[in-house]
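S.K.: Here it is, the structure, as structure tokens.
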Amino acid sequence: MYIIAGLGNPTKEYEGTRHNVGFDVIDRLSERYNIDVTMEKHRALIGKGMIAGQKVILVKPQTYMNLSGESIRSVIDYYKVDPEKELIVIYDDISLGVGQLRIRAKGSAGGHNGIKNIIAHLGGQVFPRIKVGVGEKPPKYDLADYVLGHFSKAEQELMSEGYDNAVKVVELIVSDQISEAMNEYNRKKKDE
């Protein structure tokens, strides 16, 4: 079984913001695999289903970004999964171009407070993750204002493609092909 957690902030005001791309990928997975993500448990919205022949739990923590680890820890404990192999976390990354992906099997928080909190609650940095690029913060912009801002029309098209690619990456990871996912999607930047 895999726990697939997309990070974001609850409430309407954050919908469609850069910081909520994890939620947006979960929504894509929900649509594609017909998994209803509306059950309220573990301080999250969750949905159970199948992806690529594997049982999955889709998770949208409702704790706000900086406390994502509280919700994810609760889900992991309840379903007794190994976070090093059976947890996938999807979140925004300002060091990647809009819609670009970077897949990692482990790593530091890289300044991302949601990931920092997950690492603190899991007691380790080893868990698969999909970073979804939201573009670099323009100079003189406040970081919080930037990540809580919305995408332009042109950026929305790139993000839509990024979300579709993130769905493909999830399919590969749950099929035990994280290396293939990294080979395919981590190199995209050089191609352009």
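Chain labels A, B, ... are given in the sequence in which chains occur in the structure tokens; within each chain residues are numbered consecutively from 1, and ligands are likewise numbered from 1 in the order shown.
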With only C-alpha atoms as the counted atoms, please give the residues lying no more than 12 Å from Asn165 of chain A, apart from itself and same-chain residues fewer than 3 positions off, as an NGL selection string.
M.R.: :A and (25 or 28-29 or 99-103 or 130-133 or 158-162 or 168-172 or 181-182 or 184-186 or 188)
S.K.: Mind checking which residues fall within 12 Å of segment 106-112 of chain A, counting only C-alpha atoms, ignoring those fewer than 2 positions away in the same chain, and posting them as JSON, numbers by chain?
M.R.: {"A": [7, 8, 19, 65, 66, 67, 68, 83, 84, 85, 87, 88, 89, 90, 91, 92, 93, 94, 95, 102, 103, 104, 114, 115, 116, 117, 118, 119, 120, 123, 124, 125, 126, 127, 128, 129, 130, 131, 143, 144, 147, 178]}
S.K.: Write out as a VMD selection string each polymer residue whose atoms come within 6 Å of segment 48-57 of chain A, counting only C-alpha atoms; drop sequence neighbours fewer than 4 positions from it.
M.R.: chain A and resid 1 to 3 35 171
S.K.: DSSP on the backbone, strand (DSSP E) only: what residues of segment 47-182 of chain A does that give? Format it as a PDB file with all heavy atoms, in the first residue's frame.
M.R.:
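Dumped everything to result-v4.pdb:
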ATOM      1  N   GLY A  47      -8.627   9.534   0.498  1.00  0.00           N
ATOM      2  CA  GLY A  47      -9.415   8.689  -0.388  1.00  0.00           C
ATOM      3  C   GLY A  47      -8.646   7.420  -0.674  1.00  0.00           C
ATOM      4  O   GLY A  47      -7.422   7.451  -0.821  1.00  0.00           O
ATOM      5  N   LYS A  48      -9.364   6.294  -0.733  1.00  0.00           N
ATOM      6  CA  LYS A  48      -8.718   5.004  -0.979  1.00  0.00           C
ATOM      7  C   LYS A  48      -9.046   4.534  -2.388  1.00  0.00           C
ATOM      8  O   LYS A  48     -10.171   4.702  -2.850  1.00  0.00           O
ATOM      9  CB  LYS A  48      -9.231   3.956   0.006  1.00  0.00           C
ATOM     10  CG  LYS A  48      -8.954   4.266   1.451  1.00  0.00           C
ATOM     11  CD  LYS A  48      -9.594   3.240   2.358  1.00  0.00           C
ATOM     12  CE  LYS A  48      -9.411   3.641   3.815  1.00  0.00           C
ATOM     13  NZ  LYS A  48     -10.045   2.696   4.724  1.00  0.00           N
ATOM     14  N   GLY A  49      -8.049   3.936  -3.037  1.00  0.00           N
ATOM     15  CA  GLY A  49      -8.284   3.421  -4.377  1.00  0.00           C
ATOM     16  C   GLY A  49      -7.115   2.592  -4.867  1.00  0.00           C
ATOM     17  O   GLY A  49      -6.280   2.139  -4.071  1.00  0.00           O
ATOM     18  N   MET A  50      -7.073   2.427  -6.181  1.00  0.00           N
ATOM     19  CA  MET A  50      -6.015   1.637  -6.824  1.00  0.00           C
ATOM     20  C   MET A  50      -5.354   2.471  -7.920  1.00  0.00           C
ATOM     21  O   MET A  50      -6.046   3.148  -8.683  1.00  0.00           O
ATOM     22  CB  MET A  50      -6.601   0.383  -7.467  1.00  0.00           C
ATOM     23  CG  MET A  50      -7.286  -0.588  -6.523  1.00  0.00           C
ATOM     24  SD  MET A  50      -6.162  -1.500  -5.458  1.00  0.00           S
ATOM     25  CE  MET A  50      -5.527  -2.709  -6.614  1.00  0.00           C
ATOM     26  N   ILE A  51      -4.033   2.398  -7.979  1.00  0.00           N
ATOM     27  CA  ILE A  51      -3.262   3.010  -9.067  1.00  0.00           C
ATOM     28  C   ILE A  51      -2.239   1.978  -9.514  1.00  0.00           C
ATOM     29  O   ILE A  51      -1.480   1.452  -8.694  1.00  0.00           O
ATOM     30  CB  ILE A  51      -2.552   4.311  -8.614  1.00  0.00           C
ATOM     31  CG1 ILE A  51      -3.592   5.385  -8.251  1.00  0.00           C
ATOM     32  CG2 ILE A  51      -1.602   4.818  -9.700  1.00  0.00           C
ATOM     33  CD1 ILE A  51      -2.993   6.688  -7.743  1.00  0.00           C
ATOM     34  N   GLN A  54      -1.879  -1.123  -7.498  1.00  0.00           N
ATOM     35  CA  GLN A  54      -1.487  -1.004  -6.089  1.00  0.00           C
ATOM     36  C   GLN A  54      -2.563  -0.274  -5.296  1.00  0.00           C
ATOM     37  O   GLN A  54      -3.146   0.701  -5.780  1.00  0.00           O
ATOM     38  CB  GLN A  54      -0.182  -0.194  -5.962  1.00  0.00           C
ATOM     39  CG  GLN A  54       1.028  -0.863  -6.555  1.00  0.00           C
ATOM     40  CD  GLN A  54       1.507  -2.042  -5.728  1.00  0.00           C
ATOM     41  OE1 GLN A  54       1.243  -2.136  -4.535  1.00  0.00           O
ATOM     42  NE2 GLN A  54       2.198  -2.962  -6.374  1.00  0.00           N
ATOM     43  N   LYS A  55      -2.792  -0.719  -4.054  1.00  0.00           N
ATOM     44  CA  LYS A  55      -3.683   0.018  -3.158  1.00  0.00           C
ATOM     45  C   LYS A  55      -3.001   1.328  -2.784  1.00  0.00           C
ATOM     46  O   LYS A  55      -1.806   1.337  -2.458  1.00  0.00           O
ATOM     47  CB  LYS A  55      -3.934  -0.771  -1.873  1.00  0.00           C
ATOM     48  CG  LYS A  55      -4.896  -1.895  -2.026  1.00  0.00           C
ATOM     49  CD  LYS A  55      -5.160  -2.526  -0.671  1.00  0.00           C
ATOM     50  CE  LYS A  55      -5.968  -3.792  -0.831  1.00  0.00           C
ATOM     51  NZ  LYS A  55      -5.991  -4.577   0.390  1.00  0.00           N
ATOM     52  N   VAL A  56      -3.762   2.409  -2.828  1.00  0.00           N
ATOM     53  CA  VAL A  56      -3.215   3.714  -2.450  1.00  0.00           C
ATOM     54  C   VAL A  56      -4.196   4.454  -1.547  1.00  0.00           C
ATOM     55  O   VAL A  56      -5.405   4.226  -1.599  1.00  0.00           O
ATOM     56  CB  VAL A  56      -2.909   4.608  -3.684  1.00  0.00           C
ATOM     57  CG1 VAL A  56      -1.864   3.963  -4.592  1.00  0.00           C
ATOM     58  CG2 VAL A  56      -4.159   4.957  -4.465  1.00  0.00           C
ATOM     59  N   ILE A  57      -3.629   5.326  -0.739  1.00  0.00           N
ATOM     60  CA  ILE A  57      -4.414   6.285   0.042  1.00  0.00           C
ATOM     61  C   ILE A  57      -3.939   7.659  -0.427  1.00  0.00           C
ATOM     62  O   ILE A  57      -2.755   7.995  -0.278  1.00  0.00           O
ATOM     63  CB  ILE A  57      -4.145   6.172   1.562  1.00  0.00           C
ATOM     64  CG1 ILE A  57      -4.279   4.736   2.068  1.00  0.00           C
ATOM     65  CG2 ILE A  57      -5.033   7.141   2.334  1.00  0.00           C
ATOM     66  CD1 ILE A  57      -5.663   4.225   2.233  1.00  0.00           C
ATOM     67  N   LEU A  58      -4.831   8.435  -1.028  1.00  0.00           N
ATOM     68  CA  LEU A  58      -4.498   9.809  -1.406  1.00  0.00           C
ATOM     69  C   LEU A  58      -4.784  10.695  -0.204  1.00  0.00           C
ATOM     70  O   LEU A  58      -5.821  10.551   0.454  1.00  0.00           O
ATOM     71  CB  LEU A  58      -5.342  10.252  -2.603  1.00  0.00           C
ATOM     72  CG  LEU A  58      -5.197   9.443  -3.893  1.00  0.00           C
ATOM     73  CD1 LEU A  58      -6.054  10.052  -5.004  1.00  0.00           C
ATOM     74  CD2 LEU A  58      -3.749   9.357  -4.334  1.00  0.00           C
ATOM     75  N   VAL A  59      -3.856  11.611   0.096  1.00  0.00           N
ATOM     76  CA  VAL A  59      -3.950  12.412   1.318  1.00  0.00           C
ATOM     77  C   VAL A  59      -3.718  13.892   1.014  1.00  0.00           C
ATOM     78  O   VAL A  59      -2.739  14.257   0.357  1.00  0.00           O
ATOM     79  CB  VAL A  59      -2.880  11.956   2.351  1.00  0.00           C
ATOM     80  CG1 VAL A  59      -2.960  12.789   3.631  1.00  0.00           C
ATOM     81  CG2 VAL A  59      -3.030  10.473   2.667  1.00  0.00           C
ATOM     82  N   LYS A  60      -4.629  14.725   1.516  1.00  0.00           N
ATOM     83  CA  LYS A  60      -4.468  16.181   1.469  1.00  0.00           C
ATOM     84  C   LYS A  60      -4.518  16.681   2.917  1.00  0.00           C
ATOM     85  O   LYS A  60      -5.602  16.885   3.460  1.00  0.00           O
ATOM     86  CB  LYS A  60      -5.573  16.825   0.630  1.00  0.00           C
ATOM     87  CG  LYS A  60      -5.473  16.500  -0.849  1.00  0.00           C
ATOM     88  CD  LYS A  60      -6.749  16.812  -1.617  1.00  0.00           C
ATOM     89  CE  LYS A  60      -6.980  18.266  -1.858  1.00  0.00           C
ATOM     90  NZ  LYS A  60      -8.138  18.505  -2.777  1.00  0.00           N
ATOM     91  N   PRO A  61      -3.347  16.823   3.566  1.00  0.00           N
ATOM     92  CA  PRO A  61      -3.347  17.284   4.965  1.00  0.00           C
ATOM     93  C   PRO A  61      -4.091  18.607   5.113  1.00  0.00           C
ATOM     94  O   PRO A  61      -3.952  19.497   4.273  1.00  0.00           O
ATOM     95  CB  PRO A  61      -1.861  17.462   5.288  1.00  0.00           C
ATOM     96  CG  PRO A  61      -1.155  16.565   4.316  1.00  0.00           C
ATOM     97  CD  PRO A  61      -1.986  16.623   3.064  1.00  0.00           C
ATOM     98  N   LEU A  87       5.628   5.837   1.060  1.00  0.00           N
ATOM     99  CA  LEU A  87       5.098   7.196   1.169  1.00  0.00           C
ATOM    100  C   LEU A  87       5.626   7.981  -0.022  1.00  0.00           C
ATOM    101  O   LEU A  87       6.809   7.876  -0.366  1.00  0.00           O
ATOM    102  CB  LEU A  87       5.580   7.853   2.476  1.00  0.00           C
ATOM    103  CG  LEU A  87       5.336   9.359   2.612  1.00  0.00           C
ATOM    104  CD1 LEU A  87       3.842   9.664   2.706  1.00  0.00           C
ATOM    105  CD2 LEU A  87       6.068   9.918   3.821  1.00  0.00           C
ATOM    106  N   ILE A  88       4.762   8.732  -0.676  1.00  0.00           N
ATOM    107  CA  ILE A  88       5.186   9.646  -1.738  1.00  0.00           C
ATOM    108  C   ILE A  88       4.640  11.018  -1.356  1.00  0.00           C
ATOM    109  O   ILE A  88       3.436  11.162  -1.116  1.00  0.00           O
ATOM    110  CB  ILE A  88       4.614   9.235  -3.114  1.00  0.00           C
ATOM    111  CG1 ILE A  88       5.051   7.808  -3.491  1.00  0.00           C
ATOM    112  CG2 ILE A  88       5.042  10.239  -4.193  1.00  0.00           C
ATOM    113  CD1 ILE A  88       4.298   7.237  -4.692  1.00  0.00           C
ATOM    114  N   VAL A  89       5.520  12.017  -1.284  1.00  0.00           N
ATOM    115  CA  VAL A  89       5.091  13.372  -0.940  1.00  0.00           C
ATOM    116  C   VAL A  89       5.271  14.258  -2.171  1.00  0.00           C
ATOM    117  O   VAL A  89       6.317  14.235  -2.814  1.00  0.00           O
ATOM    118  CB  VAL A  89       5.892  13.933   0.260  1.00  0.00           C
ATOM    119  CG1 VAL A  89       5.451  15.356   0.579  1.00  0.00           C
ATOM    120  CG2 VAL A  89       5.727  13.041   1.485  1.00  0.00           C
ATOM    121  N   ILE A  90       4.240  15.028  -2.485  1.00  0.00           N
ATOM    122  CA  ILE A  90       4.244  15.892  -3.668  1.00  0.00           C
ATOM    123  C   ILE A  90       4.103  17.339  -3.188  1.00  0.00           C
ATOM    124  O   ILE A  90       3.186  17.652  -2.417  1.00  0.00           O
ATOM    125  CB  ILE A  90       3.068  15.537  -4.599  1.00  0.00           C
ATOM    126  CG1 ILE A  90       3.098  14.039  -4.951  1.00  0.00           C
ATOM    127  CG2 ILE A  90       3.099  16.407  -5.862  1.00  0.00           C
ATOM    128  CD1 ILE A  90       1.801  13.505  -5.523  1.00  0.00           C
ATOM    129  N   TYR A  91       5.017  18.201  -3.632  1.00  0.00           N
ATOM    130  CA  TYR A  91       4.991  19.586  -3.149  1.00  0.00           C
ATOM    131  C   TYR A  91       5.664  20.542  -4.129  1.00  0.00           C
ATOM    132  O   TYR A  91       6.310  20.136  -5.075  1.00  0.00           O
ATOM    133  CB  TYR A  91       5.648  19.677  -1.768  1.00  0.00           C
ATOM    134  CG  TYR A  91       7.108  19.267  -1.722  1.00  0.00           C
ATOM    135  CD1 TYR A  91       8.113  20.226  -1.727  1.00  0.00           C
ATOM    136  CD2 TYR A  91       7.478  17.928  -1.676  1.00  0.00           C
ATOM    137  CE1 TYR A  91       9.451  19.844  -1.680  1.00  0.00           C
ATOM    138  CE2 TYR A  91       8.801  17.544  -1.628  1.00  0.00           C
ATOM    139  CZ  TYR A  91       9.790  18.515  -1.631  1.00  0.00           C
ATOM    140  OH  TYR A  91      11.105  18.144  -1.579  1.00  0.00           O
ATOM    141  N   ASP A  92       5.483  21.830  -3.842  1.00  0.00           N
ATOM    142  CA  ASP A  92       5.993  22.905  -4.694  1.00  0.00           C
ATOM    143  C   ASP A  92       7.488  23.146  -4.475  1.00  0.00           C
ATOM    144  O   ASP A  92       8.000  22.937  -3.382  1.00  0.00           O
ATOM    145  CB  ASP A  92       5.225  24.199  -4.415  1.00  0.00           C
ATOM    146  CG  ASP A  92       5.365  24.668  -2.967  1.00  0.00           C
ATOM    147  OD1 ASP A  92       4.938  23.932  -2.044  1.00  0.00           O
ATOM    148  OD2 ASP A  92       5.905  25.761  -2.734  1.00  0.00           O
ATOM    149  N   ASP A  93       8.167  23.594  -5.537  1.00  0.00           N
ATOM    150  CA  ASP A  93       9.594  23.899  -5.446  1.00  0.00           C
ATOM    151  C   ASP A  93       9.883  25.149  -6.269  1.00  0.00           C
ATOM    152  O   ASP A  93       9.650  25.164  -7.480  1.00  0.00           O
ATOM    153  CB  ASP A  93      10.416  22.718  -5.970  1.00  0.00           C
ATOM    154  CG  ASP A  93      11.908  22.874  -5.693  1.00  0.00           C
ATOM    155  OD1 ASP A  93      12.410  24.016  -5.732  1.00  0.00           O
ATOM    156  OD2 ASP A  93      12.575  21.857  -5.445  1.00  0.00           O
ATOM    157  N   LEU A 101       9.535  18.891 -13.077  1.00  0.00           N
ATOM    158  CA  LEU A 101       9.504  17.959 -11.948  1.00  0.00           C
ATOM    159  C   LEU A 101      10.913  17.555 -11.546  1.00  0.00           C
ATOM    160  O   LEU A 101      11.827  17.543 -12.372  1.00  0.00           O
ATOM    161  CB  LEU A 101       8.742  16.682 -12.326  1.00  0.00           C
ATOM    162  CG  LEU A 101       7.299  16.829 -12.785  1.00  0.00           C
ATOM    163  CD1 LEU A 101       6.710  15.464 -13.080  1.00  0.00           C
ATOM    164  CD2 LEU A 101       6.459  17.564 -11.765  1.00  0.00           C
ATOM    165  N   ARG A 102      11.069  17.225 -10.274  1.00  0.00           N
ATOM    166  CA  ARG A 102      12.295  16.612  -9.782  1.00  0.00           C
ATOM    167  C   ARG A 102      11.871  15.526  -8.821  1.00  0.00           C
ATOM    168  O   ARG A 102      11.141  15.780  -7.865  1.00  0.00           O
ATOM    169  CB  ARG A 102      13.164  17.666  -9.096  1.00  0.00           C
ATOM    170  CG  ARG A 102      14.367  17.157  -8.389  1.00  0.00           C
ATOM    171  CD  ARG A 102      15.725  17.253  -9.086  1.00  0.00           C
ATOM    172  NE  ARG A 102      15.884  17.937 -10.330  1.00  0.00           N
ATOM    173  CZ  ARG A 102      16.344  19.182 -10.494  1.00  0.00           C
ATOM    174  NH1 ARG A 102      16.647  19.924  -9.468  1.00  0.00           N
ATOM    175  NH2 ARG A 102      16.500  19.689 -11.701  1.00  0.00           N
ATOM    176  N   ILE A 103      12.322  14.311  -9.093  1.00  0.00           N
ATOM    177  CA  ILE A 103      11.959  13.169  -8.258  1.00  0.00           C
ATOM    178  C   ILE A 103      13.176  12.786  -7.423  1.00  0.00           C
ATOM    179  O   ILE A 103      14.287  12.730  -7.941  1.00  0.00           O
ATOM    180  CB  ILE A 103      11.508  11.970  -9.136  1.00  0.00           C
ATOM    181  CG1 ILE A 103      10.227  12.328  -9.913  1.00  0.00           C
ATOM    182  CG2 ILE A 103      11.220  10.745  -8.279  1.00  0.00           C
ATOM    183  CD1 ILE A 103      10.455  12.868 -11.261  1.00  0.00           C
ATOM    184  N   ARG A 104      12.947  12.547  -6.144  1.00  0.00           N
ATOM    185  CA  ARG A 104      14.013  12.145  -5.236  1.00  0.00           C
ATOM    186  C   ARG A 104      13.524  10.993  -4.362  1.00  0.00           C
ATOM    187  O   ARG A 104      12.351  10.956  -3.986  1.00  0.00           O
ATOM    188  CB  ARG A 104      14.419  13.304  -4.320  1.00  0.00           C
ATOM    189  CG  ARG A 104      15.078  14.467  -5.030  1.00  0.00           C
ATOM    190  CD  ARG A 104      16.535  14.153  -5.283  1.00  0.00           C
ATOM    191  NE  ARG A 104      17.240  15.257  -5.878  1.00  0.00           N
ATOM    192  CZ  ARG A 104      17.574  15.349  -7.162  1.00  0.00           C
ATOM    193  NH1 ARG A 104      17.216  14.403  -8.000  1.00  0.00           N
ATOM    194  NH2 ARG A 104      18.254  16.374  -7.618  1.00  0.00           N
ATOM    195  N   ARG A 129       9.792  11.575  -3.024  1.00  0.00           N
ATOM    196  CA  ARG A 129       9.085  12.842  -3.172  1.00  0.00           C
ATOM    197  C   ARG A 129       9.102  13.305  -4.617  1.00  0.00           C
ATOM    198  O   ARG A 129      10.019  12.983  -5.369  1.00  0.00           O
ATOM    199  CB  ARG A 129       9.696  13.896  -2.258  1.00  0.00           C
ATOM    200  CG  ARG A 129      11.142  14.148  -2.598  1.00  0.00           C
ATOM    201  CD  ARG A 129      12.016  14.668  -1.509  1.00  0.00           C
ATOM    202  NE  ARG A 129      12.185  13.826  -0.354  1.00  0.00           N
ATOM    203  CZ  ARG A 129      12.720  14.266   0.779  1.00  0.00           C
ATOM    204  NH1 ARG A 129      13.106  15.488   0.895  1.00  0.00           N
ATOM    205  NH2 ARG A 129      12.881  13.455   1.790  1.00  0.00           N
ATOM    206  N   ILE A 130       8.065  14.029  -4.960  1.00  0.00           N
ATOM    207  CA  ILE A 130       7.952  14.622  -6.284  1.00  0.00           C
ATOM    208  C   ILE A 130       7.856  16.127  -6.074  1.00  0.00           C
ATOM    209  O   ILE A 130       6.879  16.620  -5.494  1.00  0.00           O
ATOM    210  CB  ILE A 130       6.699  14.118  -7.032  1.00  0.00           C
ATOM    211  CG1 ILE A 130       6.710  12.592  -7.160  1.00  0.00           C
ATOM    212  CG2 ILE A 130       6.598  14.793  -8.409  1.00  0.00           C
ATOM    213  CD1 ILE A 130       5.391  11.999  -7.633  1.00  0.00           C
ATOM    214  N   LYS A 131       8.882  16.837  -6.525  1.00  0.00           N
ATOM    215  CA  LYS A 131       8.862  18.297  -6.436  1.00  0.00           C
ATOM    216  C   LYS A 131       8.296  18.833  -7.742  1.00  0.00           C
ATOM    217  O   LYS A 131       8.716  18.417  -8.817  1.00  0.00           O
ATOM    218  CB  LYS A 131      10.275  18.840  -6.252  1.00  0.00           C
ATOM    219  CG  LYS A 131      11.013  18.298  -5.045  1.00  0.00           C
ATOM    220  CD  LYS A 131      12.420  18.855  -5.046  1.00  0.00           C
ATOM    221  CE  LYS A 131      13.280  18.257  -3.964  1.00  0.00           C
ATOM    222  NZ  LYS A 131      14.574  18.957  -3.869  1.00  0.00           N
ATOM    223  N   VAL A 132       7.350  19.747  -7.624  1.00  0.00           N
ATOM    224  CA  VAL A 132       6.724  20.342  -8.803  1.00  0.00           C
ATOM    225  C   VAL A 132       7.150  21.814  -8.855  1.00  0.00           C
ATOM    226  O   VAL A 132       6.865  22.579  -7.932  1.00  0.00           O
ATOM    227  CB  VAL A 132       5.185  20.226  -8.737  1.00  0.00           C
ATOM    228  CG1 VAL A 132       4.552  20.812  -9.987  1.00  0.00           C
ATOM    229  CG2 VAL A 132       4.760  18.775  -8.545  1.00  0.00           C
ATOM    230  N   GLY A 133       7.841  22.176  -9.931  1.00  0.00           N
ATOM    231  CA  GLY A 133       8.354  23.536 -10.054  1.00  0.00           C
ATOM    232  C   GLY A 133       7.254  24.574 -10.200  1.00  0.00           C
ATOM    233  O   GLY A 133       6.291  24.378 -10.942  1.00  0.00           O
TER     234      GLY A 133
END
S.K.: Restricting the calculation to only C-alpha atoms: of A:Tyr33, A:Phe151, A:Tyr141, A:Tyr78, which residue gets closest to Tyr14 of chain A?
M.R.: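 Using only C-alpha atoms, Tyr14 of chain A sits closest to A:Phe151.
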S.K.: Counting only C-alpha atoms, figure out which residue out of A:Val167, A:Ala44, A:Val134, A:Ile173 gets nearest to Ser30 of chain A.
M.R.: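 That would be A:Val167, the residue with the smallest distance to Ser30 of chain A.
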S.K.: For the atom pair atom CA of Arg32 of chain A and atom CA of Asp164 of chain A, what is the interatomic distance in Å to one decimal place?
M.R.: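 For atom CA of Arg32 of chain A relative to atom CA of Asp164 of chain A, the distance reads 9.7 Å.
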